Structures are given as C-alpha cells and as structure tokens.
file protein.csv (CSV, C-alpha atoms (C1' of nucleotides))
chain,number,residue,atom,x,y,z
Z,1,MET,CA,-42.8,16.8,-7.3
Z,2,ALA,CA,-41.5,14.8,-10.2
Z,3,VAL,CA,-39.3,12.0,-9.3
Z,4,LYS,CA,-36.5,11.5,-11.7
Z,5,LYS,CA,-36.9,8.3,-13.6
Z,6,GLN,CA,-33.8,6.2,-13.0
Z,7,SER,CA,-32.2,3.8,-15.4
Z,8,ASN,CA,-34.2,0.8,-16.2
Z,9,VAL,CA,-31.3,-1.4,-16.9
Z,10,ARG,CA,-31.3,-4.5,-14.8
Z,11,ALA,CA,-29.5,-7.7,-14.6
Z,12,THR,CA,-30.6,-9.8,-17.6
Z,13,ALA,CA,-28.2,-12.5,-18.3
Z,14,GLN,CA,-26.8,-14.1,-15.1
Z,15,SER,CA,-27.4,-13.8,-11.5
Z,16,ILE,CA,-26.9,-10.6,-9.8
Z,17,ARG,CA,-24.1,-12.2,-7.8
Z,18,SER,CA,-22.0,-12.6,-10.8
Z,19,PRO,CA,-19.3,-10.1,-11.1
Z,20,LYS,CA,-19.7,-10.3,-14.9
Z,21,ASP,CA,-23.0,-8.5,-14.7
Z,22,ASP,CA,-22.6,-5.2,-16.3
Z,23,LEU,CA,-23.6,-3.0,-13.5
Z,24,ASN,CA,-21.5,-5.0,-11.1
Z,25,GLN,CA,-18.5,-4.5,-13.3
Z,26,GLN,CA,-19.0,-0.8,-13.2
Z,27,ILE,CA,-19.4,-0.8,-9.4
Z,28,ILE,CA,-16.3,-2.8,-9.0
Z,29,ARG,CA,-14.4,-0.5,-11.3
Z,30,LEU,CA,-15.3,2.4,-9.2
Z,31,LEU,CA,-14.5,0.6,-5.9
Z,32,GLN,CA,-11.2,-0.4,-7.3
Z,33,GLN,CA,-10.3,3.2,-7.5
Z,34,ASP,CA,-11.5,4.0,-4.1
Z,35,GLY,CA,-12.8,1.3,-1.9
Z,36,ARG,CA,-14.4,3.8,0.4
Z,37,MET,CA,-16.4,5.6,-2.2
Z,38,ALA,CA,-19.9,6.3,-0.8
Z,39,PHE,CA,-22.6,4.1,-2.2
Z,40,SER,CA,-24.6,7.2,-2.8
Z,41,GLU,CA,-21.9,8.6,-5.0
Z,42,ILE,CA,-21.5,5.4,-6.9
Z,43,ALA,CA,-25.2,5.4,-7.4
Z,44,GLN,CA,-25.2,8.9,-8.8
Z,45,GLN,CA,-22.4,8.1,-11.2
Z,46,LEU,CA,-24.1,5.0,-12.5
Z,47,ASN,CA,-27.6,6.4,-12.5
Z,48,VAL,CA,-29.2,3.9,-10.2
Z,49,SER,CA,-30.4,4.2,-6.7
Z,50,GLU,CA,-28.3,4.0,-3.6
Z,51,GLY,CA,-30.1,0.9,-2.5
Z,52,THR,CA,-29.2,-0.9,-5.6
Z,53,ILE,CA,-25.5,-0.3,-5.1
Z,54,ARG,CA,-25.9,-1.4,-1.5
Z,55,ASN,CA,-27.6,-4.6,-2.5
Z,56,ARG,CA,-25.1,-5.4,-5.2
Z,57,VAL,CA,-22.0,-4.7,-3.1
Z,58,SER,CA,-23.2,-6.6,-0.1
Z,59,GLY,CA,-24.3,-9.4,-2.4
Z,60,LEU,CA,-20.9,-9.6,-4.0
Z,61,ARG,CA,-19.2,-9.4,-0.6
Z,62,ASP,CA,-21.3,-12.0,1.0
Z,63,ASN,CA,-20.5,-14.4,-1.8
Z,64,ASN,CA,-16.8,-13.6,-1.6
Z,65,MET,CA,-16.7,-12.3,-5.0
Z,66,LEU,CA,-15.6,-8.9,-3.9
Z,67,ARG,CA,-13.4,-7.8,-1.1
Z,68,ILE,CA,-12.6,-4.4,0.0
Z,69,VAL,CA,-9.3,-4.3,1.7
Z,70,ALA,CA,-6.6,-1.9,2.8
Z,71,MET,CA,-3.3,-2.5,1.4
Z,72,SER,CA,-0.2,-0.8,2.5
Z,73,ASP,CA,1.8,-0.2,-0.6
Z,74,PRO,CA,3.8,-3.3,-1.4
Z,75,VAL,CA,6.8,-1.3,-2.3
Z,76,ALA,CA,6.5,0.6,1.0
Z,77,THR,CA,6.2,-2.7,2.9
Z,78,GLU,CA,9.0,-4.2,0.9
Z,79,TYR,CA,7.0,-7.0,-0.4
Z,80,THR,CA,9.3,-9.3,-2.4
Z,81,THR,CA,8.8,-12.2,-4.6
Z,82,ASP,CA,11.2,-14.8,-3.6
Z,83,ALA,CA,11.0,-17.0,-6.6
Z,84,MET,CA,9.1,-18.0,-9.6
Z,85,ILE,CA,9.1,-21.8,-10.2
Z,86,GLY,CA,8.3,-23.5,-13.5
Z,87,LEU,CA,7.0,-27.0,-12.9
Z,88,ASN,CA,6.5,-30.0,-15.0
Z,89,VAL,CA,4.2,-32.6,-13.5
Z,90,ALA,CA,5.1,-36.2,-13.4
Z,91,VAL,CA,3.5,-38.6,-15.9
Z,92,GLY,CA,0.1,-39.7,-14.9
Z,93,VAL,CA,-0.4,-36.6,-12.7
Z,94,THR,CA,-2.6,-33.7,-13.7
Z,95,PRO,CA,-1.5,-30.1,-13.2
Z,96,ARG,CA,-4.7,-29.7,-11.2
Z,97,GLN,CA,-3.7,-32.3,-8.7
Z,98,VAL,CA,-0.4,-30.6,-8.1
Z,99,ALA,CA,-2.1,-27.2,-7.9
Z,100,GLU,CA,-4.5,-28.4,-5.4
Z,101,ARG,CA,-1.7,-29.7,-3.2
Z,102,LEU,CA,0.4,-26.6,-3.5
Z,103,GLU,CA,-2.6,-24.3,-3.0
Z,104,LYS,CA,-2.6,-25.1,0.6
Z,105,ASN,CA,0.8,-23.7,1.3
Z,106,PRO,CA,0.5,-20.1,2.3
Z,107,ARG,CA,3.8,-19.2,0.8
Z,108,VAL,CA,2.5,-19.9,-2.6
Z,109,VAL,CA,0.6,-16.9,-3.7
Z,110,PHE,CA,0.1,-17.7,-7.4
Z,111,ILE,CA,-0.5,-20.8,-9.3
Z,112,LEU,CA,-1.2,-20.8,-13.0
Z,113,TRP,CA,-1.6,-23.7,-15.3
Z,114,VAL,CA,0.0,-22.8,-18.6
Z,115,ALA,CA,0.7,-24.2,-22.0
Z,116,GLY,CA,4.3,-24.2,-23.2
Z,117,ARG,CA,7.5,-25.2,-21.6
Z,118,TYR,CA,6.0,-25.8,-18.2
Z,119,ASP,CA,2.8,-27.1,-16.8
Z,120,LEU,CA,2.5,-24.9,-13.8
Z,121,ILE,CA,4.0,-21.6,-12.9
Z,122,ILE,CA,4.0,-20.7,-9.2
Z,123,GLU,CA,5.0,-17.7,-7.3
Z,124,LEU,CA,6.6,-18.0,-3.9
Z,125,VAL,CA,6.9,-15.4,-1.2
Z,126,SER,CA,8.4,-15.5,2.3
Z,127,ASP,CA,9.9,-13.6,5.1
Z,128,ASP,CA,13.1,-15.3,6.0
Z,129,ASP,CA,15.9,-16.7,3.9
Z,130,ASP,CA,15.6,-20.3,4.6
Z,131,ALA,CA,12.0,-20.4,3.5
Z,132,LEU,CA,12.9,-21.1,-0.1
Z,133,LYS,CA,15.2,-23.9,0.8
Z,134,GLU,CA,12.6,-25.4,3.0
Z,135,PHE,CA,9.9,-25.1,0.5
Z,136,LEU,CA,11.8,-26.9,-2.2
Z,137,GLU,CA,12.7,-29.6,0.2
Z,138,ARG,CA,9.3,-30.2,1.5
Z,139,GLU,CA,7.0,-29.4,-1.4
Z,140,ILE,CA,9.0,-30.2,-4.4
Z,141,HIS,CA,11.6,-32.8,-3.9
Z,142,ALA,CA,9.8,-34.8,-1.3
Z,143,ASN,CA,6.9,-35.4,-3.7
Z,144,ASP,CA,6.8,-37.6,-6.7
Z,145,ASP,CA,4.1,-35.7,-8.5
Z,146,ILE,CA,6.6,-33.3,-9.9
Z,147,ALA,CA,9.0,-34.3,-12.7
Z,148,ASN,CA,10.9,-31.1,-13.0
Z,149,ALA,CA,11.2,-27.7,-11.3
Z,150,ASP,CA,13.0,-24.7,-12.6
Z,151,VAL,CA,13.6,-22.4,-9.8
Z,152,MET,CA,14.1,-18.8,-10.7
Z,153,PRO,CA,14.9,-16.7,-7.7
Z,154,GLY,CA,13.6,-13.2,-7.9
Z,155,LEU,CA,16.1,-10.5,-8.1
Z,156,LYS,CA,14.0,-7.4,-8.4
Z,157,ASN,CA,10.4,-6.7,-8.8
Z,158,PHE,CA,9.8,-4.0,-11.3
Z,159,LYS,CA,6.1,-4.1,-11.4
Z,160,ASN,CA,3.4,-5.8,-9.4
Z,161,GLN,CA,0.1,-4.1,-9.8
Z,162,PHE,CA,-2.3,-6.7,-9.2
Z,163,LEU,CA,-5.2,-4.5,-9.0
Z,164,LEU,CA,-3.3,-2.0,-7.1
Z,165,LYS,CA,-1.9,1.2,-8.4
Z,166,GLN,CA,-4.1,1.6,-11.3
Z,167,HIS,CA,-4.5,5.2,-10.4
Z,168,VAL,CA,-2.6,7.2,-8.0
Z,169,ARG,CA,-4.9,8.9,-5.6
Z,170,GLU,CA,-5.1,12.6,-6.0
X,1,MET,CA,-21.2,15.0,32.2
X,2,ALA,CA,-17.9,13.4,32.6
X,3,VAL,CA,-16.1,12.7,29.4
X,4,LYS,CA,-14.4,9.4,29.3
X,5,LYS,CA,-10.7,9.9,29.2
X,6,GLN,CA,-9.4,8.3,26.1
X,7,SER,CA,-6.1,6.6,25.6
X,8,ASN,CA,-3.0,8.8,25.9
X,9,VAL,CA,-0.9,6.7,23.6
X,10,ARG,CA,0.5,8.9,20.9
X,11,ALA,CA,2.9,8.6,18.1
X,12,THR,CA,6.3,8.6,19.6
X,13,ALA,CA,8.9,7.3,17.2
X,14,GLN,CA,8.3,8.4,13.7
X,15,SER,CA,5.9,10.5,11.8
X,16,ILE,CA,2.3,9.8,12.0
X,17,ARG,CA,2.5,9.2,8.2
X,18,SER,CA,4.6,6.1,8.7
X,19,PRO,CA,2.8,2.8,8.5
X,20,LYS,CA,5.3,1.6,11.1
X,21,ASP,CA,3.7,3.6,13.8
X,22,ASP,CA,2.0,1.4,16.2
X,23,LEU,CA,-1.5,2.9,16.1
X,24,ASN,CA,-1.3,3.0,12.3
X,25,GLN,CA,-0.4,-0.7,12.3
X,26,GLN,CA,-3.4,-1.5,14.2
X,27,ILE,CA,-5.6,0.6,12.0
X,28,ILE,CA,-4.2,-1.0,8.9
X,29,ARG,CA,-4.7,-4.4,10.4
X,30,LEU,CA,-8.4,-3.7,10.9
X,31,LEU,CA,-8.8,-2.2,7.5
X,32,GLN,CA,-7.2,-5.1,5.9
X,33,GLN,CA,-10.0,-7.2,7.2
X,34,ASP,CA,-12.6,-4.9,6.1
X,35,GLY,CA,-11.7,-1.8,4.1
X,36,ARG,CA,-15.1,-0.2,4.8
X,37,MET,CA,-15.1,-0.5,8.5
X,38,ALA,CA,-16.4,2.7,10.0
X,39,PHE,CA,-13.9,5.0,11.5
X,40,SER,CA,-16.0,5.2,14.5
X,41,GLU,CA,-15.9,1.5,15.0
X,42,ILE,CA,-12.1,1.4,14.5
X,43,ALA,CA,-11.9,4.2,17.1
X,44,GLN,CA,-13.9,2.2,19.5
X,45,GLN,CA,-11.8,-0.9,19.1
X,46,LEU,CA,-8.6,1.0,19.5
X,47,ASN,CA,-9.8,3.3,22.2
X,48,VAL,CA,-9.1,6.6,20.5
X,49,SER,CA,-11.4,9.1,19.0
X,50,GLU,CA,-13.0,8.9,15.6
X,51,GLY,CA,-11.2,12.0,14.5
X,52,THR,CA,-7.9,10.5,15.2
X,53,ILE,CA,-8.6,7.5,13.0
X,54,ARG,CA,-9.8,9.8,10.3
X,55,ASN,CA,-6.6,11.9,10.5
X,56,ARG,CA,-4.4,8.8,10.4
X,57,VAL,CA,-6.2,7.1,7.6
X,58,SER,CA,-6.3,10.2,5.4
X,59,GLY,CA,-2.7,10.9,6.2
X,60,LEU,CA,-1.7,7.5,5.2
X,61,ARG,CA,-3.8,7.6,2.1
X,62,ASP,CA,-2.6,11.0,1.0
X,63,ASN,CA,1.0,9.8,1.3
X,64,ASN,CA,0.2,6.7,-0.7
X,65,MET,CA,1.2,4.4,2.1
X,66,LEU,CA,-2.2,3.0,2.3
X,67,ARG,CA,-4.8,2.2,-0.3
X,68,ILE,CA,-8.2,0.9,0.1
X,69,VAL,CA,-9.4,-0.9,-2.9
X,70,ALA,CA,-11.9,-3.4,-4.0
X,71,MET,CA,-10.7,-6.7,-5.3
X,72,SER,CA,-12.9,-9.0,-7.1
X,73,ASP,CA,-11.8,-12.5,-6.5
X,74,PRO,CA,-9.7,-13.5,-9.5
X,75,VAL,CA,-10.9,-17.0,-9.6
X,76,ALA,CA,-14.5,-16.1,-9.1
X,77,THR,CA,-14.4,-13.4,-11.7
X,78,GLU,CA,-12.6,-15.6,-14.0
X,79,TYR,CA,-9.9,-13.2,-14.1
X,80,THR,CA,-7.5,-15.0,-16.4
X,81,THR,CA,-3.9,-14.5,-16.8
X,82,ASP,CA,-3.5,-14.5,-20.5
X,83,ALA,CA,0.1,-15.4,-20.5
X,84,MET,CA,3.2,-15.7,-18.6
X,85,ILE,CA,6.2,-14.9,-20.7
X,86,GLY,CA,9.8,-15.8,-19.9
X,87,LEU,CA,12.1,-13.3,-21.5
X,88,ASN,CA,15.8,-13.3,-22.3
X,89,VAL,CA,17.2,-9.9,-23.1
X,90,ALA,CA,19.5,-9.3,-26.0
X,91,VAL,CA,23.2,-9.0,-25.5
X,92,GLY,CA,24.2,-5.6,-24.3
X,93,VAL,CA,20.8,-4.9,-22.8
X,94,THR,CA,20.0,-5.0,-19.1
X,95,PRO,CA,16.9,-6.5,-17.8
X,96,ARG,CA,16.2,-3.2,-16.1
X,97,GLN,CA,16.0,-1.5,-19.5
X,98,VAL,CA,13.5,-3.9,-20.9
X,99,ALA,CA,11.5,-3.8,-17.6
X,100,GLU,CA,11.3,-0.1,-17.8
X,101,ARG,CA,10.0,-0.3,-21.3
X,102,LEU,CA,7.4,-2.9,-20.6
X,103,GLU,CA,6.3,-1.3,-17.4
X,104,LYS,CA,4.5,1.3,-19.3
X,105,ASN,CA,2.2,-1.2,-21.0
X,106,PRO,CA,-1.0,-1.5,-18.9
X,107,ARG,CA,-1.5,-5.1,-19.9
X,108,VAL,CA,1.7,-6.1,-18.1
X,109,VAL,CA,0.8,-6.4,-14.5
X,110,PHE,CA,3.9,-8.1,-13.2
X,111,ILE,CA,7.5,-7.9,-14.1
X,112,LEU,CA,10.1,-9.8,-12.1
X,113,TRP,CA,13.8,-10.0,-12.8
X,114,VAL,CA,15.0,-13.5,-12.0
X,115,ALA,CA,18.0,-15.7,-12.0
X,116,GLY,CA,17.8,-18.9,-14.0
X,117,ARG,CA,16.5,-19.8,-17.3
X,118,TYR,CA,15.1,-16.4,-18.0
X,119,ASP,CA,16.0,-12.9,-17.3
X,120,LEU,CA,12.5,-11.5,-16.8
X,121,ILE,CA,9.2,-13.1,-16.1
X,122,ILE,CA,6.2,-11.0,-17.0
X,123,GLU,CA,2.5,-11.5,-16.6
X,124,LEU,CA,0.0,-10.4,-19.1
X,125,VAL,CA,-3.7,-9.8,-18.9
X,126,SER,CA,-6.2,-8.6,-21.3
X,127,ASP,CA,-9.9,-8.5,-22.2
X,128,ASP,CA,-10.1,-9.6,-25.8
X,129,ASP,CA,-8.5,-12.4,-27.7
X,130,ASP,CA,-6.4,-10.4,-30.0
X,131,ALA,CA,-4.6,-8.6,-27.2
X,132,LEU,CA,-2.0,-11.3,-26.8
X,133,LYS,CA,-1.2,-11.4,-30.5
X,134,GLU,CA,-1.0,-7.7,-30.6
X,135,PHE,CA,1.2,-7.5,-27.6
X,136,LEU,CA,3.7,-10.0,-29.0
X,137,GLU,CA,3.8,-8.1,-32.2
X,138,ARG,CA,4.3,-4.7,-30.8
X,139,GLU,CA,6.2,-5.2,-27.6
X,140,ILE,CA,8.2,-8.3,-28.3
X,141,HIS,CA,9.0,-8.9,-31.9
X,142,ALA,CA,9.2,-5.3,-33.0
X,143,ASN,CA,11.9,-4.7,-30.5
X,144,ASP,CA,15.5,-5.7,-30.6
X,145,ASP,CA,16.2,-5.7,-26.9
X,146,ILE,CA,14.7,-9.1,-26.5
X,147,ALA,CA,16.6,-12.2,-27.6
X,148,ASN,CA,14.1,-14.8,-26.7
X,149,ALA,CA,10.5,-15.0,-25.5
X,150,ASP,CA,8.8,-18.1,-24.2
X,151,VAL,CA,5.2,-17.5,-24.2
X,152,MET,CA,3.1,-19.7,-22.0
X,153,PRO,CA,-0.6,-19.0,-22.4
X,154,GLY,CA,-2.5,-19.3,-19.2
X,155,LEU,CA,-5.0,-22.2,-19.0
X,156,LYS,CA,-6.4,-21.9,-15.6
X,157,ASN,CA,-5.6,-19.9,-12.6
X,158,PHE,CA,-5.7,-22.0,-9.4
X,159,LYS,CA,-4.6,-19.4,-7.0
X,160,ASN,CA,-3.9,-15.8,-7.0
X,161,GLN,CA,-4.0,-14.3,-3.6
X,162,PHE,CA,-2.0,-11.3,-3.7
X,163,LEU,CA,-3.0,-10.0,-0.4
X,164,LEU,CA,-6.4,-11.3,-1.0
X,165,LYS,CA,-8.0,-14.2,0.9
X,166,GLN,CA,-6.0,-13.8,4.0
X,167,HIS,CA,-9.2,-14.3,5.8
X,168,VAL,CA,-12.4,-15.3,4.4
X,169,ARG,CA,-15.1,-12.8,5.3
X,170,GLU,CA,-17.6,-14.1,7.7
J,1,DC,C1',8.5,30.9,29.2
J,2,DA,C1',6.6,32.2,25.0
J,3,DT,C1',5.9,30.1,20.4
J,4,DG,C1',4.9,27.2,16.9
J,5,DA,C1',4.0,22.8,15.2
J,6,DT,C1',1.9,18.5,15.6
J,7,DG,C1',-1.5,15.5,16.7
J,8,DG,C1',-5.7,14.4,19.6
J,9,DT,C1',-10.5,15.4,21.0
J,10,DA,C1',-15.1,17.4,20.9
J,11,DC,C1',-19.3,18.7,18.8
J,12,DG,C1',-22.8,20.3,15.6
J,13,DA,C1',-24.0,19.9,10.7
J,14,DA,C1',-24.1,17.5,6.5
J,15,DT,C1',-24.0,13.2,4.5
J,16,DT,C1',-24.4,8.4,4.3
J,17,DT,C1',-26.0,4.1,5.4
J,18,DC,C1',-29.5,1.1,7.0
J,19,DG,C1',-34.1,-1.3,7.6
J,20,DA,C1',-38.1,-2.3,5.8
J,21,DA,C1',-42.0,-1.6,2.9
J,22,DT,C1',-43.4,-1.2,-1.8
J,23,DA,C1',-43.0,-1.3,-6.7
J,24,DA,C1',-41.2,-3.1,-11.2
J,25,DC,C1',-39.8,-6.7,-13.9
J,26,DG,C1',-39.1,-11.5,-16.0
J,27,DA,C1',-40.2,-16.2,-16.3
J,28,DG,C1',-43.2,-19.8,-16.2
J,29,DG,C1',-47.6,-21.8,-16.0
J,30,DT,C1',-52.9,-22.1,-17.3
C,1,DA,C1',-53.3,-12.6,-22.3
C,2,DC,C1',-53.4,-13.1,-17.6
C,3,DC,C1',-51.9,-14.4,-13.2
C,4,DT,C1',-48.5,-15.8,-9.9
C,5,DC,C1',-44.0,-16.0,-7.9
C,6,DG,C1',-39.3,-15.0,-7.1
C,7,DT,C1',-36.0,-11.6,-7.7
C,8,DT,C1',-34.2,-7.1,-7.9
C,9,DA,C1',-35.0,-1.9,-7.6
C,10,DT,C1',-36.5,2.0,-5.4
C,11,DT,C1',-38.0,4.9,-1.8
C,12,DC,C1',-38.1,7.1,2.6
C,13,DG,C1',-37.4,8.1,7.5
C,14,DA,C1',-34.4,6.8,11.2
C,15,DA,C1',-29.9,5.8,12.8
C,16,DA,C1',-25.2,6.1,12.2
C,17,DT,C1',-21.2,7.9,10.2
C,18,DT,C1',-18.3,11.4,8.5
C,19,DC,C1',-16.8,16.0,8.0
C,20,DG,C1',-15.4,20.7,9.2
C,21,DT,C1',-13.6,23.2,12.6
C,22,DA,C1',-12.4,25.0,16.9
C,23,DC,C1',-10.0,23.9,20.8
C,24,DC,C1',-6.7,21.4,23.9
C,25,DA,C1',-2.3,18.9,25.2
C,26,DT,C1',2.3,17.9,24.4
C,27,DC,C1',6.8,18.6,22.9
C,28,DA,C1',10.8,20.9,20.8
C,29,DT,C1',13.0,25.5,20.3
C,30,DG,C1',14.5,30.0,20.7

call {"tool": "encode", "arguments": {"input": "protein.csv", "output": "structure tokens"}}
result
Amino acid sequence: MAVKKQSNVRATAQSIRSPKDDLNQQIIRLLQQDGRMAFSEIAQQLNVSEGTIRNRVSGLRDNNMLRIVAMSDPVATEYTTDAMIGLNVAVGVTPRQVAERLEKNPRVVFILWVAGRYDLIIELVSDDDDALKEFLEREIHANDDIANADVMPGLKNFKNQFLLKQHVRE
Amino acid sequence: MAVKKQSNVRATAQSIRSPKDDLNQQIIRLLQQDGRMAFSEIAQQLNVSEGTIRNRVSGLRDNNMLRIVAMSDPVATEYTTDAMIGLNVAVGVTPRQVAERLEKNPRVVFILWVAGRYDLIIELVSDDDDALKEFLEREIHANDDIANADVMPGLKNFKNQFLLKQHVRE
DNA sequence: CATGATGGTACGAATTTCGAATAACGAGGT
DNA sequence: ACCTCGTTATTCGAAATTCGTACCATCATG
C-alpha cells in the first residue's frame, strides 16, 4: 500500500523551538483559534505527521514559548484597565532599569518602552479602588528613578483583544 | 460491580452556562493552568464524571464565556507593539465614536478611553514596516474626528502578561 | 402525580495521543 | 564524495481520551 509522501519542508533557519519557524507559526495560528484542536487535525491541515505537531507543540510549551490556556471572556469577567501611566525616567536611569523594577509588581500587566513623549508606558489593573492610590504611592512617588508620571485613569475599555477574540467560535 | 457514587453537587444558583457556577469556576481554574488538560483528568480531580466536564466546557464555549486559546509568549516571540498612540478627539466628537471607528481595524488591539492628557489610548501591532505609516495615513490623518495624535513607537516590550504567565508551566 | 426540562452518568465506538523505534536530513569533518 | 553525528520527522501499535447516545435523578409546574 502506497504511503502518501508527506511534505518535506523542515526547519531550516533557526531552532525548532523558535516560534518564528514557519511551521510553528502555522501551528500556533491554528491553536490560537482553538487551543484544543487535535494534533491529528492540525497535522492534516498542514500536511505533516501527527508526531511532528506533537513534537513541536510540546517543544514550544516546554520552553515556555507557547501556552494553551482557558480564558473566560474579559468582558464577561469584567476585566478593567485601571490606568495607563506614561512615565519619564529620571536622568541617569535607563528605561530598562525602571521596567525591571516595575515588572515584579503583579498589578502591572504591560510595560512598553517607547519613543516620543514618554519613556515607558505601563498598564495597571486591580481589583479594589485603593489599589491605584497605593501603587502610585509605593511604586512611583517613593522612588527616585522616575522623573514624571502622567496617570491616565481608564474610563472604558473599548477593545482589548490581545490574542483573544480573533474569531468568534462557531 | 459496584459503581462508585460520584459527587452529588449540582448547579444550584444560576444556569450551568454561567461561569460563576461553582463547578465551572473550578473547571476554568484548571483549564487556565493547562488548556489541554484532559476532561477525564479534570473529572477525576473534581470528582465528577467525564461527561459532565464535557458538557460544562462545551456549554461555556458555545456561549462564548470561555475560550481556550494558544498564546505564544509575546516577549519570546518578539511580538512587538508597533506603537502606542495617544489621541485627542476633535471638538464635537465623542471618544466613543472614534473608538467605534478604530475598533474595526484589526491592527488596533487595544483601545482605552482615559482621563488625563489624552482621550483615547490605542495600541497598534503589525507585521511589516509600512503598516504604521499606512495606518497613520488612513486612520488618523485622513479623518477629521481626531484633533491630535501622539505617536509613540514601541522600542521594547518588557512585559505583556495579559492573562499569560500567571504561572509558569512546570 | 404526571410531565417536561435540565443536567449528570454510563458505556461502547471512534478518535486521539503517547511511547519508542526507525528513517531522513543537514552540517561538519576527513 | 563519503562518513558520522545530532536533530527532527515519521510510523505504528497500545493506551488513553473523547464522543454519541441512552438512561437516570432532580426539580419545577400544571
């Protein structure tokens, strides 16, 4: 019985662990739509063997390059962004240093080094109302590595599709 | 052969479709750690039958209260935020109106109405280099509902844990 | 008490995943 | 060219999981 010849494409450039690899990208794309899609189905769609998909996915997961998680809809769970804060670091301090300090705070979910008016833009979330106040006190004002902080409290979140909501399940 | 009597706990308060239901909560908690955990394993841990888990999960998913998705670690995948843009809407225009227009653009992954220096803060992502230019041209400058736009190109993303990275896989 | 509706359980069949052996490929050496 | 060696793909039973579906328990209602 003739065995169907599968695709010969293999990882050429970088390590298989890299998510930039072409096949990995495609796998990820599919899993972003449905994190529970069967490996065998992915394999079929991408014309490689099931084992390959299994290898790749577990490789990516083991190296923390890919996570497959359940999310309950942020809107449904009333996820709110408390504030965006534009920061300017003090003279003699690098944005990276400040970022590394703030990174540890679990309320900070997003830190981006930017060019323009600010050095860093961070996003803050929290549960209770005092959290913002407390955060500003402890992490901003009590530190001398920040020259300026523009706090912009969130009023309404119109869109937040991180990787979520690319397609609505049907 | 005696069949082990399983838990009698059943949904009491609201619909089974609600994520607030106690059993659903527990299911979600487990799936947040590993979105591919076998239903049979979840069942075992929560002392209910596999079928129940299956019912619940597909119920939640069908109603878009739960989504199981793959996320590739943004830092690892060198996911870059191309830019954060602080927007001020034109006089006579509400932030909501602008938000609703921008929402449709797939490059815009985040829109937050804020108080402070700006009216809206949006986050932009893209693949190729011309995307930012094109976006500014089409969505910002070609429209008269925006009075001012501070574009802050992203340089490096230090942290972006939307719901990601709550726990590191082990 | 019927009756219907909802949600849980059970169980065999179909499918998927897993483990482990084998094959294919690419990159260096000699 | 040829031969290793390490890495990645593939293959193929066995084990595990999921699925379809029938059936049971509970509860609310008429």

call {"tool": "atom_distance", "arguments": {"input": "protein.csv", "atom1": "CA of Leu155 (chain Z)", "atom2": "CA of Trp113 (chain X)"}}
result
5.3 Å

call {"tool": "atom_distance", "arguments": {"input": "protein.csv", "atom1": "CA of Val125 (chain Z)", "atom2": "CA of Arg96 (chain X)"}}
result
21.4 Å

call {"tool": "atom_distance", "arguments": {"input": "protein.csv", "atom1": "CA of Leu31 (chain Z)", "atom2": "C1' of DT17 (chain C)"}}
result
18.9 Å

call {"tool": "closest_residue", "arguments": {"input": "protein.csv", "among": "X:Thr94, X:Asn143, X:Asn24, X:Gln33", "to": "Thr52 (chain X)", "atoms": "all atoms listed in the file"}}
result
X:Asn24

call {"tool": "closest_atom_pairs", "arguments": {"input": "protein.csv", "of": "chain C", "to": "chain Z", "cutoff": "12 Å", "atoms": "only C-alpha atoms (C1' of nucleotides)", "output": "JSON lines"}}
result
{"residue": "C:DT7", "atom": "C1'", "partner": "Z:Ile16", "partner_atom": "CA", "distance": 9.4}
{"residue": "C:DT8", "atom": "C1'", "partner": "Z:Arg10", "partner_atom": "CA", "distance": 7.9}
{"residue": "C:DA9", "atom": "C1'", "partner": "Z:Thr52", "partner_atom": "CA", "distance": 6.2}
{"residue": "C:DT10", "atom": "C1'", "partner": "Z:Ser49", "partner_atom": "CA", "distance": 6.6}
{"residue": "C:DT11", "atom": "C1'", "partner": "Z:Gly51", "partner_atom": "CA", "distance": 8.9}
{"residue": "C:DC12", "atom": "C1'", "partner": "Z:Gly51", "partner_atom": "CA", "distance": 11.3}
{"residue": "C:DT17", "atom": "C1'", "partner": "Z:Ala38", "partner_atom": "CA", "distance": 11.2}
{"residue": "C:DT18", "atom": "C1'", "partner": "Z:Ala38", "partner_atom": "CA", "distance": 10.7}

call {"tool": "interface_residues", "arguments": {"input": "protein.csv", "of": "chain X", "to": "chain Z", "cutoff": "7 Å", "atoms": "all atoms listed in the file", "output": "VMD selection string"}}
result
chain X and resid 28 31 to 36 65 to 73 76 to 77 99 103 109 to 116 151 to 162

call {"tool": "residues_around", "arguments": {"input": "protein.csv", "residues": "DA22 (chain C)", "least_positions_apart": "4", "cutoff": "12 Å", "atoms": "all atoms listed in the file", "output": "PyMOL selection string"}}
result
chain J and resi 9-12

call {"tool": "closest_residue", "arguments": {"input": "protein.csv", "among": "J:DT30, J:DA20, J:DG8, J:DC1", "to": "chain Z", "atoms": "only C-alpha atoms (C1' of nucleotides)"}}
result
J:DA20
